[in-house]
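Engineer: For reference, this is target00.txt, and it has compact mmCIF, C-alpha atoms and all ligand atoms.
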```txt
# COMPACT_ATOMS: atom_id res chain seq x y z
CA MET A 717 16.26 -43.51 -73.42
CA SER A 718 15.05 -44.83 -76.71
CA GLY A 719 15.61 -48.30 -78.09
CA GLU A 720 15.24 -50.09 -74.75
CA PRO A 721 13.04 -53.17 -74.66
CA GLU A 722 10.43 -51.49 -72.49
CA SER A 723 7.86 -54.21 -73.04
CA SER A 724 10.28 -56.99 -72.05
CA MET A 725 9.47 -56.83 -68.36
CA SER A 726 5.93 -57.55 -67.29
CA HIS A 727 4.31 -55.99 -64.24
CA PRO A 728 4.58 -59.17 -62.08
CA GLN A 729 8.23 -59.60 -63.07
CA CYS A 730 9.04 -56.02 -62.12
CA TRP A 731 7.03 -56.20 -58.90
CA GLU A 732 9.02 -59.26 -57.79
CA LEU A 733 12.36 -57.57 -58.40
CA LEU A 734 11.62 -54.29 -56.66
CA PRO A 735 13.22 -55.21 -53.28
CA TRP A 736 16.55 -55.87 -54.98
CA TYR A 737 16.11 -52.76 -57.09
CA GLU A 738 15.68 -50.80 -53.86
CA ALA A 739 18.72 -52.51 -52.37
CA GLY A 740 20.77 -51.77 -55.50
CA THR A 741 21.71 -55.41 -56.09
CA LEU A 742 20.16 -56.04 -59.51
CA GLU A 743 22.34 -56.69 -62.53
CA THR A 744 22.50 -53.80 -64.95
CA ALA A 745 20.19 -55.30 -67.60
CA GLU A 746 17.47 -56.00 -65.05
CA GLN A 747 17.91 -52.62 -63.45
CA VAL A 748 17.39 -50.94 -66.83
CA ALA A 749 14.30 -53.05 -67.54
CA VAL A 750 12.84 -52.27 -64.10
CA GLU A 751 13.37 -48.57 -64.65
CA ALA A 752 11.69 -48.80 -68.04
CA HIS A 753 8.66 -50.51 -66.53
CA LEU A 754 8.55 -48.10 -63.60
CA ARG A 755 8.14 -45.12 -65.90
CA ASP A 756 4.72 -46.34 -66.99
CA CYS A 757 3.46 -48.27 -63.96
CA LEU A 758 1.96 -46.33 -61.08
CA ILE A 759 1.45 -49.46 -58.98
CA CYS A 760 5.14 -50.37 -59.13
CA GLN A 761 6.10 -46.75 -58.46
CA ARG A 762 3.97 -46.78 -55.32
CA GLU A 763 5.42 -50.13 -54.22
CA LEU A 764 8.95 -48.82 -54.73
CA GLN A 765 8.10 -45.85 -52.51
CA TYR A 766 6.87 -48.28 -49.86
CA LEU A 767 10.04 -50.38 -50.12
CA ARG A 768 12.22 -47.28 -49.89
CA ARG A 769 10.62 -46.66 -46.52
CA LEU A 770 10.49 -50.32 -45.47
CA GLY A 771 14.21 -50.90 -46.15
CA PRO A 772 15.53 -48.48 -43.50
CA VAL A 773 12.82 -49.54 -41.05
CA LEU A 774 13.85 -53.18 -41.40
CA ARG A 775 17.54 -52.40 -41.22
CA ALA A 776 16.98 -50.48 -37.98
CA ALA A 777 15.85 -53.79 -36.47
CA ASP A 778 19.04 -55.66 -37.42
CA GLU A 779 20.95 -57.34 -34.65
CA PRO A 780 23.62 -55.28 -32.96
CA ASP A 781 27.20 -56.27 -33.63
CA VAL A 782 28.35 -58.45 -30.78
CA ALA A 783 31.86 -58.78 -29.46
CA MET A 784 33.51 -62.10 -30.05
CA GLN A 785 33.05 -64.41 -27.11
CA THR A 786 34.87 -67.59 -26.14
CA GLY A 787 33.77 -69.32 -29.33
CA LEU A 788 37.06 -68.97 -31.14
CA SER A 789 39.11 -70.64 -28.43
CA GLU A 790 36.50 -73.40 -28.07
CA THR A 791 36.52 -74.05 -31.79
CA LEU A 792 40.31 -74.06 -31.84
CA ALA A 793 40.30 -76.62 -29.05
CA ARG A 794 37.97 -78.81 -31.12
CA ILE A 795 40.25 -78.42 -34.13
CA ASP A 796 43.36 -79.24 -32.13
CA ALA A 797 41.71 -82.33 -30.69
CA ALA A 798 40.78 -83.51 -34.17
CA GLN A 799 44.30 -82.78 -35.45
CA ARG A 800 46.02 -84.60 -32.61
CA SER A 801 43.87 -87.62 -33.19
CA ARG A 802 44.73 -87.65 -36.88
CA TRP A 803 48.46 -87.46 -36.26
CA LYS A 804 48.33 -90.21 -33.70
CA ARG A 805 46.53 -92.62 -35.89
CA GLY A 806 48.56 -92.38 -39.06
CA PRO A 807 47.57 -91.99 -42.69
CA TRP A 808 44.99 -94.79 -43.01
CA PHE A 809 42.91 -92.91 -40.57
CA GLY A 810 42.43 -89.86 -42.83
CA GLY A 811 39.95 -91.55 -45.14
CA TRP A 812 37.97 -92.86 -42.24
CA LEU A 813 37.87 -89.42 -40.64
CA ARG A 814 36.64 -87.85 -43.87
CA ARG A 815 33.91 -90.48 -44.19
CA PHE A 816 32.93 -89.86 -40.62
CA ALA A 817 32.98 -86.11 -41.21
CA SER A 818 30.61 -86.40 -44.16
CA ILE A 819 28.21 -88.54 -42.15
CA PHE A 820 28.67 -86.10 -39.28
CA ARG A 821 27.66 -83.13 -41.44
CA GLU A 822 24.40 -84.78 -42.48
CA THR A 823 23.40 -85.66 -38.93
CA PRO A 824 21.07 -83.67 -36.65
CA SER A 825 22.88 -81.40 -34.26
CA ALA A 826 22.04 -83.12 -30.98
CA VAL A 827 23.19 -86.46 -32.31
CA ARG A 828 26.24 -84.76 -33.75
CA ILE A 829 27.33 -83.41 -30.40
CA ALA A 830 27.08 -86.91 -29.00
CA MET A 831 28.96 -88.25 -32.02
CA ALA A 832 31.66 -85.63 -31.66
CA VAL A 833 32.15 -86.53 -28.03
CA GLN A 834 32.24 -90.19 -28.86
CA LEU A 835 34.63 -89.66 -31.75
CA GLY A 836 37.01 -87.85 -29.45
CA LEU A 837 36.75 -90.61 -26.89
CA VAL A 838 37.23 -93.42 -29.35
CA LEU A 839 40.19 -91.74 -31.01
CA VAL A 840 42.02 -90.75 -27.91
CA LEU A 841 41.26 -93.74 -25.77
CA GLY A 842 41.88 -96.01 -28.73
CA GLY A 843 45.25 -94.31 -29.12
CA LEU A 844 45.91 -94.84 -25.45
CA TRP A 845 45.79 -98.59 -25.78
CA LEU A 846 47.95 -98.65 -28.88
CA LEU A 847 50.66 -96.26 -27.81
CA PRO A 848 53.03 -96.46 -24.88
CA ILE A 849 51.46 -94.54 -22.04
CA ASP A 850 53.43 -91.88 -20.30
CA SER A 851 53.75 -92.99 -16.73
CA ALA A 852 52.50 -89.60 -15.59
CA HIS A 853 49.14 -90.41 -17.15
CA ARG A 854 48.77 -93.78 -15.50
CA PRO A 855 46.16 -93.92 -12.82
CA ALA A 856 47.91 -93.75 -9.47
CA TYR A 857 46.24 -96.85 -8.14
CA GLU A 858 47.78 -98.96 -10.87
CA THR A 859 51.06 -98.92 -9.03
CA LEU A 860 49.40 -100.96 -6.31
CA SER A 861 49.59 -103.99 -8.50
CA ALA A 862 52.79 -103.19 -10.34
CA PRO A 863 54.27 -104.49 -12.53
CA ALA A 864 50.97 -105.70 -13.90
CA SER A 865 49.82 -104.07 -17.11
CA GLN A 866 46.29 -102.72 -17.32
CA LYS A 867 45.27 -105.89 -19.14
CA ASP A 868 46.00 -107.97 -16.05
CA LEU A 869 43.65 -105.96 -13.88
CA ALA A 870 39.97 -106.47 -13.37
CA ARG A 871 37.92 -103.68 -14.88
CA ALA A 872 34.98 -101.91 -13.34
CA ARG A 873 32.22 -101.35 -15.87
CA LEU A 874 30.18 -98.20 -15.36
CA SER A 875 27.41 -96.26 -17.00
CA VAL A 876 28.36 -92.58 -17.26
CA ALA A 877 26.68 -89.46 -18.63
CA PHE A 878 28.32 -86.09 -19.10
CA ARG A 879 26.84 -82.72 -18.38
CA GLU A 880 25.38 -81.25 -21.56
CA GLY A 881 27.79 -78.88 -23.23
CA THR A 882 30.90 -80.54 -21.81
CA MET A 883 33.59 -80.00 -24.41
CA GLU A 884 35.03 -83.00 -26.16
CA THR A 885 38.49 -82.09 -24.85
CA ALA A 886 37.18 -81.89 -21.30
CA VAL A 887 35.57 -85.31 -21.62
CA ARG A 888 38.83 -86.71 -22.89
CA ASP A 889 40.84 -85.22 -20.05
CA LEU A 890 38.28 -86.48 -17.64
CA LEU A 891 38.49 -90.04 -18.88
CA LEU A 892 42.27 -89.89 -19.04
CA LYS A 893 42.28 -88.72 -15.47
CA HIS A 894 40.18 -91.67 -14.40
CA GLY A 895 41.98 -94.11 -16.69
CA ALA A 896 38.68 -95.03 -18.35
CA ARG A 897 37.85 -96.15 -21.86
CA VAL A 898 34.52 -96.22 -23.64
CA VAL A 899 33.20 -99.65 -24.54
CA ASP A 900 29.70 -98.65 -25.64
CA GLY A 901 27.43 -95.68 -26.18
CA PRO A 902 26.18 -93.12 -26.29
CA SER A 903 22.74 -94.52 -25.68
CA ALA A 904 19.63 -92.57 -26.65
CA SER A 905 19.81 -90.88 -23.26
CA GLY A 906 23.47 -89.94 -23.78
CA ARG A 907 24.96 -92.59 -21.48
CA TYR A 908 28.30 -94.20 -22.18
CA THR A 909 29.48 -97.54 -20.89
CA VAL A 910 33.06 -97.16 -19.75
CA GLU A 911 35.57 -99.51 -18.21
CA LEU A 912 38.26 -98.61 -15.71
CA PRO A 913 41.11 -100.84 -14.59
CA ILE A 914 40.89 -101.45 -10.84
CA PRO A 915 43.17 -103.25 -8.44
CA PRO A 916 41.58 -106.28 -6.75
CA ALA A 917 41.21 -104.41 -3.48
CA MET A 918 38.95 -101.87 -5.11
CA ALA A 919 36.76 -104.31 -7.03
CA GLY A 920 33.27 -105.09 -5.84
CA PRO A 921 30.00 -103.30 -5.27
CA GLY A 922 31.05 -100.54 -2.87
CA SER A 923 33.87 -99.38 -5.15
CA PRO A 924 35.03 -95.82 -4.45
CA ILE A 925 35.43 -95.31 -8.18
CA VAL A 926 31.74 -94.54 -8.63
CA ALA A 927 31.88 -91.96 -5.88
CA ARG A 928 34.99 -90.46 -7.42
CA LEU A 929 33.30 -90.10 -10.81
CA ARG A 930 30.17 -88.69 -9.24
CA SER A 931 32.18 -86.05 -7.45
CA ASP A 932 33.24 -84.60 -10.80
CA PRO A 933 30.92 -81.71 -11.72
CA ARG A 934 31.12 -82.58 -15.42
CA ILE A 935 29.63 -86.03 -14.79
CA ILE A 936 25.90 -86.02 -14.15
CA HIS A 937 25.45 -89.75 -13.84
CA ALA A 938 27.72 -92.62 -12.77
CA GLU A 939 26.49 -96.09 -11.92
CA SER A 940 28.32 -99.37 -11.46
CA LEU A 941 27.49 -102.14 -13.91
CA GLY A 942 29.73 -104.67 -12.20
CA THR A 943 33.25 -105.96 -12.75
CA VAL A 944 34.85 -107.57 -15.77
CA SER A 945 37.53 -110.15 -15.07
CA PRO A 946 40.92 -109.79 -16.74
CA MET B 458 28.93 -61.55 -61.93
CA GLU B 459 30.34 -62.55 -58.59
CA SER B 460 33.56 -60.67 -59.17
CA GLU B 461 31.69 -57.45 -59.91
CA ALA B 462 29.92 -57.50 -56.58
CA PRO B 463 30.52 -54.34 -54.56
CA ALA B 464 33.19 -54.67 -51.92
CA GLN B 465 30.95 -53.46 -49.13
CA ARG B 466 29.08 -56.76 -49.29
CA ASP B 467 32.12 -58.81 -48.32
CA TRP B 468 33.01 -59.41 -44.74
CA PRO B 469 34.26 -56.25 -43.13
CA PRO B 470 38.04 -56.39 -43.35
CA THR B 471 40.07 -56.32 -40.18
CA GLU B 472 43.21 -54.24 -39.72
CA LYS B 473 45.64 -57.09 -39.85
CA ASN B 474 44.06 -59.15 -42.59
CA ASP B 475 42.58 -56.81 -45.14
CA ALA B 476 45.43 -57.47 -47.56
CA VAL B 477 44.49 -61.15 -47.77
CA SER B 478 41.33 -62.09 -49.67
CA ASP B 479 38.68 -64.35 -48.19
CA ALA B 480 39.45 -66.94 -50.84
CA GLU B 481 43.18 -66.96 -50.00
CA LEU B 482 42.34 -67.38 -46.33
CA LEU B 483 39.96 -70.25 -47.06
CA ILE B 484 42.54 -72.04 -49.20
CA ARG B 485 44.98 -71.82 -46.32
CA VAL B 486 42.29 -73.06 -43.93
CA GLY B 487 41.87 -76.00 -46.32
CA GLU B 488 45.56 -76.74 -45.76
CA HIS B 489 44.80 -76.72 -42.04
CA ASP B 490 46.53 -73.43 -41.37
CA ARG B 491 45.43 -72.49 -37.88
CA ASP B 492 46.39 -68.80 -38.17
CA ALA B 493 44.35 -68.47 -41.36
CA PHE B 494 41.41 -70.01 -39.53
CA VAL B 495 41.72 -67.49 -36.71
CA ALA B 496 41.82 -64.64 -39.25
CA LEU B 497 38.78 -65.99 -41.14
CA TYR B 498 36.84 -66.59 -37.93
CA THR B 499 37.55 -63.04 -36.79
CA ARG B 500 36.51 -61.68 -40.16
CA VAL B 501 33.23 -63.59 -40.48
CA TYR B 502 32.13 -63.62 -36.84
CA GLY B 503 30.05 -60.43 -36.77
CA ARG B 504 27.99 -61.07 -39.87
CA LEU B 505 27.60 -64.76 -39.17
CA HIS B 506 26.36 -64.00 -35.68
CA ARG B 507 23.87 -61.40 -36.94
CA PHE B 508 22.56 -63.71 -39.64
CA LEU B 509 22.12 -66.67 -37.30
CA ALA B 510 20.59 -64.49 -34.59
CA LYS B 511 17.88 -63.41 -37.02
CA LEU B 512 17.25 -66.97 -38.15
CA VAL B 513 17.37 -68.90 -34.90
CA ARG B 514 16.24 -66.24 -32.43
CA HIS B 515 17.45 -68.25 -29.44
CA ASP B 516 20.31 -66.20 -28.08
CA ASP B 517 21.86 -69.10 -26.25
CA GLN B 518 22.03 -71.17 -29.42
CA VAL B 519 23.57 -68.56 -31.70
CA GLU B 520 27.13 -68.63 -30.35
CA GLU B 521 27.13 -72.42 -30.37
CA LEU B 522 25.85 -72.46 -33.95
CA VAL B 523 28.54 -70.00 -35.05
CA ASN B 524 31.11 -72.43 -33.68
CA ASP B 525 29.48 -75.45 -35.33
CA VAL B 526 29.45 -73.57 -38.62
CA MET B 527 33.10 -72.60 -38.32
CA MET B 528 34.06 -76.15 -37.35
CA THR B 529 32.33 -77.29 -40.55
CA VAL B 530 34.20 -74.57 -42.48
CA TRP B 531 37.44 -76.02 -41.14
CA GLN B 532 36.44 -79.52 -42.21
CA LYS B 533 34.95 -78.59 -45.59
CA ALA B 534 37.44 -75.91 -46.66
CA PRO B 535 39.31 -78.35 -48.94
CA ASP B 536 36.01 -78.93 -50.82
CA PHE B 537 35.52 -75.22 -51.62
CA GLN B 538 35.38 -74.99 -55.41
CA GLY B 539 35.39 -71.22 -55.76
CA HIS B 540 32.05 -71.20 -57.62
CA SER B 541 30.71 -68.65 -55.16
CA ARG B 542 32.24 -66.07 -52.90
CA VAL B 543 33.57 -67.31 -49.58
CA ALA B 544 30.99 -65.30 -47.66
CA THR B 545 28.18 -66.85 -49.70
CA TRP B 546 29.60 -70.31 -49.15
CA ILE B 547 29.87 -69.84 -45.39
CA LEU B 548 26.37 -68.35 -45.08
CA GLY B 549 25.10 -71.35 -47.07
CA ILE B 550 26.58 -73.69 -44.47
CA ALA B 551 25.13 -71.49 -41.72
CA TYR B 552 21.65 -71.55 -43.29
CA LYS B 553 21.66 -75.33 -43.59
CA MET B 554 22.81 -75.82 -40.02
CA ALA B 555 20.31 -73.26 -38.68
CA LEU B 556 17.46 -75.10 -40.41
CA LYS B 557 18.58 -78.36 -38.84
CA ARG B 558 18.84 -76.75 -35.45
CA LEU B 559 15.38 -75.21 -35.78
CA ARG B 560 13.92 -78.56 -36.79
CA GLY B 561 15.55 -80.05 -33.70
CA ASN B 562 13.97 -77.30 -31.59
CA ALA B 563 10.58 -77.91 -33.21
CA SER B 564 10.77 -81.61 -32.39
CA ARG B 565 11.44 -80.61 -28.79
CA ARG B 566 8.26 -78.54 -28.96
CA GLU B 567 9.84 -75.11 -28.63
CA ASP B 568 9.00 -73.50 -31.93
CA PRO B 569 10.77 -70.16 -32.08
CA TRP B 570 8.96 -69.19 -35.29
CA ALA B 571 5.55 -69.48 -33.72
CA LEU B 572 3.92 -66.09 -33.66
CA PRO B 573 3.66 -64.69 -30.16
CA PRO B 574 -0.05 -64.71 -29.32
CA ASP B 575 -0.23 -60.94 -29.07
CA VAL B 576 1.02 -60.63 -32.64
CA ALA B 577 -1.27 -63.27 -34.00
CA ASP B 578 -4.35 -61.87 -32.30
CA ASN B 579 -3.93 -58.14 -32.58
CA ALA B 580 -3.83 -56.06 -35.70
CA PRO B 581 -0.96 -53.55 -35.79
CA PRO B 582 -1.84 -50.24 -34.12
CA ASP B 583 -3.47 -47.75 -36.44
CA LYS B 584 -1.69 -44.73 -35.01
CA ALA B 585 1.67 -43.06 -35.07
CA VAL B 586 4.36 -45.28 -33.54
CA SER B 587 7.64 -44.34 -31.92
CA ASP B 588 10.99 -45.65 -33.19
CA THR B 589 11.08 -48.17 -30.39
CA GLU B 590 7.54 -49.36 -31.05
CA LEU B 591 8.32 -49.66 -34.72
CA ARG B 592 11.51 -51.64 -34.07
CA ILE B 593 9.60 -54.02 -31.81
CA ALA B 594 6.87 -54.33 -34.43
CA VAL B 595 9.45 -55.14 -37.11
CA ASN B 596 11.09 -57.80 -34.98
CA ARG B 597 7.72 -59.35 -34.22
CA ALA B 598 6.73 -59.24 -37.86
CA LEU B 599 10.00 -60.94 -38.81
CA ALA B 600 9.34 -63.55 -36.13
CA GLY B 601 5.99 -64.14 -37.79
CA LEU B 602 7.66 -65.19 -41.03
CA SER B 603 8.76 -68.75 -41.72
CA VAL B 604 12.51 -69.20 -41.43
CA GLU B 605 12.76 -69.58 -45.22
CA HIS B 606 11.05 -66.23 -45.76
CA ARG B 607 12.99 -64.59 -42.92
CA ALA B 608 16.27 -65.72 -44.47
CA VAL B 609 15.40 -64.12 -47.81
CA VAL B 610 14.35 -60.84 -46.16
CA THR B 611 17.43 -60.78 -43.93
CA LEU B 612 19.86 -61.52 -46.75
CA THR B 613 18.25 -58.92 -49.04
CA PHE B 614 17.77 -56.02 -46.66
CA PHE B 615 20.38 -56.56 -43.93
CA HIS B 616 23.19 -58.20 -45.83
CA GLY B 617 22.69 -56.71 -49.30
CA TYR B 618 22.72 -59.89 -51.36
CA SER B 619 21.30 -60.19 -54.87
CA TYR B 620 18.56 -62.76 -55.40
CA GLY B 621 21.05 -64.90 -57.34
CA GLU B 622 23.45 -65.01 -54.40
CA ILE B 623 20.57 -65.74 -52.04
CA ALA B 624 19.58 -68.66 -54.27
CA THR B 625 23.12 -70.01 -53.81
CA ILE B 626 23.00 -69.56 -50.04
CA VAL B 627 19.58 -71.15 -49.49
CA GLN B 628 20.13 -73.65 -52.31
CA CYS B 629 16.98 -73.13 -54.33
CA PRO B 630 16.21 -71.72 -57.81
CA PRO B 631 16.29 -67.91 -58.14
CA ASN B 632 12.56 -67.90 -58.94
CA THR B 633 11.86 -69.52 -55.58
CA VAL B 634 13.77 -66.70 -53.88
CA LYS B 635 11.59 -64.16 -55.70
CA THR B 636 8.42 -66.03 -54.74
CA ARG B 637 9.47 -66.22 -51.09
CA MET B 638 10.19 -62.51 -51.08
CA PHE B 639 6.82 -61.82 -52.69
CA HIS B 640 5.00 -63.66 -49.89
CA ALA B 641 7.24 -62.23 -47.18
CA ARG B 642 6.42 -58.70 -48.39
CA GLU B 643 2.70 -59.40 -48.24
CA GLN B 644 3.03 -60.76 -44.72
CA LEU B 645 5.16 -57.86 -43.52
CA ARG B 646 2.63 -55.43 -44.96
CA ARG B 647 -0.07 -57.15 -42.94
CA LEU B 648 1.92 -57.41 -39.71
CA LEU B 649 3.52 -53.95 -39.64
CA PRO B 650 1.84 -50.67 -38.73
CA ARG B 651 0.79 -48.79 -41.86
CA ALA B 652 3.62 -46.91 -43.56
CA GLU B 653 2.10 -43.48 -42.95
CA HIS B 654 2.74 -44.07 -39.23
CA TRP B 655 6.49 -44.52 -39.71
CA ASP B 656 7.24 -40.83 -40.09
CA ARG B 657 9.17 -40.45 -36.87
CA LEU B 658 11.81 -42.94 -37.83
CA GLU B 659 12.33 -41.23 -41.12
CA GLY B 660 12.36 -37.72 -39.67
ZN ZN C 1001 4.15 -52.59 -62.57
```
Turn this file's structure into C-alpha cells for me.
Ligand SMILES: [Zn+2]
Structural biologist:
Amino acid sequence: MSGEPESSMSHPQCWELLPWYEAGTLETAEQVAVEAHLRDCLICQRELQYLRRLGPVLRAADEPDVAMQTGLSETLARIDAAQRSRWKRGPWFGGWLRRFASIFRETPSAVRIAMAVQLGLVLVLGGLWLLPIDSAHRPAYETLSAPASQKDLARARLSVAFREGTMETAVRDLLLKHGARVVDGPSASGRYTVELPIPPAMAGPGSPIVARLRSDPRIIHAESLGTVSP
Amino acid sequence: MESEAPAQRDWPPTEKNDAVSDAELLIRVGEHDRDAFVALYTRVYGRLHRFLAKLVRHDDQVEELVNDVMMTVWQKAPDFQGHSRVATWILGIAYKMALKRLRGNASRREDPWALPPDVADNAPPDKAVSDTELRIAVNRALAGLSVEHRAVVTLTFFHGYSYGEIATIVQCPPNTVKTRMFHAREQLRRLLPRAEHWDRLEG
C-alpha cells in the first residue's frame, strides 16, 4: 500500500485510537492511518492484541437483557396526567408548562419528583376549583350542608406527606377522594399543607378527617394544623 | 458520517415497528403520538436499561431512571434537531440524568462508584481464573472506574459507538473521550488479572 501518509499518525495518536480500531468503529481514513502505524510499531501491535482479548472479556460482563417491567404503563400514566392537565387549562397554559418543563429538566431528581407531584396537584386541584365539579366527585359529607358550595364551608388545614414513590396520579386520586387541595409545599421534608372543606359538625381538634387520611397506606404523615373559617 | 453507521448499532428493531425509523417515531412522539411513544419505548428499553445499569449500579434505581429518561424524551421530542441519531440523543439524556442521580446518591453518602474494599486492597490474583471469576473481576474493575470513564468504556465495548458519537452522548470534545479511554485502559489493566490468565474464557 504505497502512497499512504504513514508518518501522519504518531504513536500516541494511534495508541489512543486502538480501542475503536478493535471495535471497528473508526472512520476509514483513521483506520487506514492506524493500520499504517501498526505495521511498524511493535508496542501498538502488542496493545492491539491485548485489546482483542479484553473486548470479549468486557462484553461477557455486560448486563443481561431484562424483560420490560411496569415502567411503560407508569410512564404512560404520567404522560396522560400531563396531557389531561394541558387540555383542561387551555392554550395559555402551554407556555407555562414548557417553562416549567425546562426548569424541571435542570433540577436534581429528588426535587424533581417532589415538583412533579406538586405540579400534578396544582394542575388538577386548580382545575377542580375552576371547572364545574361532577357531583360524583364531591365529598359525601358535603351534602350535609347542602346547598352550600365548598366556599361556604370551614376548611381543615392539615400537613400531609406521601409515601415515597407514590405516583403523581395516585396522589391526585387520593386528594380528589378526600376533597383536598394543596395550599403550600412541599417543604424540605416533603410535607404538603392541604385544606379540606368540612361541615361544621366535623370541625375542631378531634376531627375524623386526620384519622381518615392516616388510614390511607399512601399517606405516611397527616397532622391537623387547625381550621380556616369560610 | 452518522448515516453511514452500521445498522447493528441502532436499537434492535421489533417485529411490528422495524419498518419505521427511529427518527420517524421520535417526530411522531414530538406530536404527542402515544402509540409512537409506546413503540419507541419498547425499542429502546433493553439498551437503555443495560446502559443505565452499568452506570448507576443500583438495581432499584435503574427502572425508575429509564422511566425518567423516557418521560424527558416525551417532553423534549419536539426539540430534537436531527443532528445526531435518535439512539445517541436518548443515551445523551440518559447519561445526563444518571450523573445527576449519582450525584444525588453521593450527597446521601452512598457512593456506588467507591471501590469495594476487597478490590482496593487486593491485587488481582496472579493465577488462572475461571470464566465466573473473570466476569466478577471485570465487573469489579468497572466499578472501580469513575462514572465518566465507565461510560466511555461501556459505550465503546458494549454498545459499539465511535468516539465521535460518544463525545455527542457525554457532551465533551472527542479528545476528552480519547483521554478518558486512555486512563480507563490503564486502570483496567491494573485491576484485572493479567491477560495470560484469561485463556479459559477464550478457549
Ligand atoms: Zn505505536
Engineer: List all protein, DNA and RNA residues that have any atom at most 12 Å from ligand ZN 1001 (chain C), counting only C-alpha atoms and all ligand atoms, and write the list as JSON, numbers by chain.
Structural biologist: {"A": [722, 723, 725, 726, 727, 728, 729, 730, 731, 732, 733, 734, 749, 750, 751, 752, 753, 754, 755, 756, 757, 758, 759, 760, 761, 762, 763, 764]}
Engineer: I need the chosen residues saved as a PDB file, in the frame of the given file, with C-alpha atoms.
Structural biologist:
```pdb
ATOM      1  CA  GLU A 722      10.430 -51.490 -72.490  1.00  0.00           C
ATOM      2  CA  SER A 723       7.860 -54.210 -73.040  1.00  0.00           C
ATOM      3  CA  MET A 725       9.470 -56.830 -68.360  1.00  0.00           C
ATOM      4  CA  SER A 726       5.930 -57.550 -67.290  1.00  0.00           C
ATOM      5  CA  HIS A 727       4.310 -55.990 -64.240  1.00  0.00           C
ATOM      6  CA  PRO A 728       4.580 -59.170 -62.080  1.00  0.00           C
ATOM      7  CA  GLN A 729       8.230 -59.600 -63.070  1.00  0.00           C
ATOM      8  CA  CYS A 730       9.040 -56.020 -62.120  1.00  0.00           C
ATOM      9  CA  TRP A 731       7.030 -56.200 -58.900  1.00  0.00           C
ATOM     10  CA  GLU A 732       9.020 -59.260 -57.790  1.00  0.00           C
ATOM     11  CA  LEU A 733      12.360 -57.570 -58.400  1.00  0.00           C
ATOM     12  CA  LEU A 734      11.620 -54.290 -56.660  1.00  0.00           C
ATOM     13  CA  ALA A 749      14.300 -53.050 -67.540  1.00  0.00           C
ATOM     14  CA  VAL A 750      12.840 -52.270 -64.100  1.00  0.00           C
ATOM     15  CA  GLU A 751      13.370 -48.570 -64.650  1.00  0.00           C
ATOM     16  CA  ALA A 752      11.690 -48.800 -68.040  1.00  0.00           C
ATOM     17  CA  HIS A 753       8.660 -50.510 -66.530  1.00  0.00           C
ATOM     18  CA  LEU A 754       8.550 -48.100 -63.600  1.00  0.00           C
ATOM     19  CA  ARG A 755       8.140 -45.120 -65.900  1.00  0.00           C
ATOM     20  CA  ASP A 756       4.720 -46.340 -66.990  1.00  0.00           C
ATOM     21  CA  CYS A 757       3.460 -48.270 -63.960  1.00  0.00           C
ATOM     22  CA  LEU A 758       1.960 -46.330 -61.080  1.00  0.00           C
ATOM     23  CA  ILE A 759       1.450 -49.460 -58.980  1.00  0.00           C
ATOM     24  CA  CYS A 760       5.140 -50.370 -59.130  1.00  0.00           C
ATOM     25  CA  GLN A 761       6.100 -46.750 -58.460  1.00  0.00           C
ATOM     26  CA  ARG A 762       3.970 -46.780 -55.320  1.00  0.00           C
ATOM     27  CA  GLU A 763       5.420 -50.130 -54.220  1.00  0.00           C
ATOM     28  CA  LEU A 764       8.950 -48.820 -54.730  1.00  0.00           C
TER      29      LEU A 764
END
```
Engineer: In Å, with one decimal, what is the gap from CA of Ala480 in chain B to CA of Ile626 in chain B?
Structural biologist: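 CA of Ile626 in chain B lies 16.7 Å from CA of Ala480 in chain B.
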Engineer: Around the point (18.0, -68.9, -39.2) (coordinates from the file), which residues reach within 7 Å if we count only C-alpha atoms? Answer as a list in words.
Structural biologist: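 All residues meeting the 7 Å criterion around (18.0, -68.9, -39.2) are Phe508, Leu509, Ala510, Lys511, Leu512, Val513, Tyr552, Ala555, Leu556, Val604 and Ala608 of chain B.
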Engineer: With a cut-off of 7 Å and counting all atoms listed in the file, select all residues of chain A in contact with chain B and give the selection as a ChimeraX atom specification.
Structural biologist: /A:732,736,739,741-742,771,774-779,781-782,787,791,824-825
Engineer: CA of Leu497 in chain B and CA of Ser789 in chain A are how many Å apart?
Structural biologist: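 So the answer is 13.5 Å.
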Engineer: List every protein, DNA or RNA residue that has at least one atom no more than 8 Å from (28.9, -68.6, -45.1) in the file's coordinates, counting all atoms listed in the file, and write the result as a PyMOL selection string.
Structural biologist: chain B and resi 505+543-551+626
Engineer: For CA of Glu481 in chain B and CA of Val501 in chain B, determine how far apart the two atoms are, in Å to one decimal place.
Structural biologist: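 We find that CA of Glu481 in chain B and CA of Val501 in chain B lie 14.2 Å from each other.
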Engineer: For His515 in chain B, which of B:Glu643, B:Ser541, B:Ala600, B:Asp492 is the closest residue, counting all atoms listed in the file?
Structural biologist: B:Ala600
Engineer: Go through A:Ser875, A:Gln785, A:Gln765, A:Gln799 and flag the residue nearest Glu738 in chain A, using all atoms listed in the file for the distances.
Structural biologist: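 Between A:Ser875, A:Gln785, A:Gln765, A:Gln799, the residue approaching Glu738 in chain A most closely is A:Gln765.
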Engineer: Considering all atoms listed in the file, state which residue in the set B:Ile623, B:Ala496, B:Leu648, B:Ala641 is at the smallest distance from Arg607 in chain B.
Structural biologist: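 Once distances to Arg607 in chain B are computed over all atoms listed in the file, the minimum belongs to B:Ala641.
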Engineer: Restricting the calculation to all atoms listed in the file: of B:Gly539, B:Gly601, B:Val586, B:Val609, which residue gets closest to Ile484 in chain B?
Structural biologist: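 Residue with the minimum atom-to-atom distance to Ile484 in chain B: B:Gly539.
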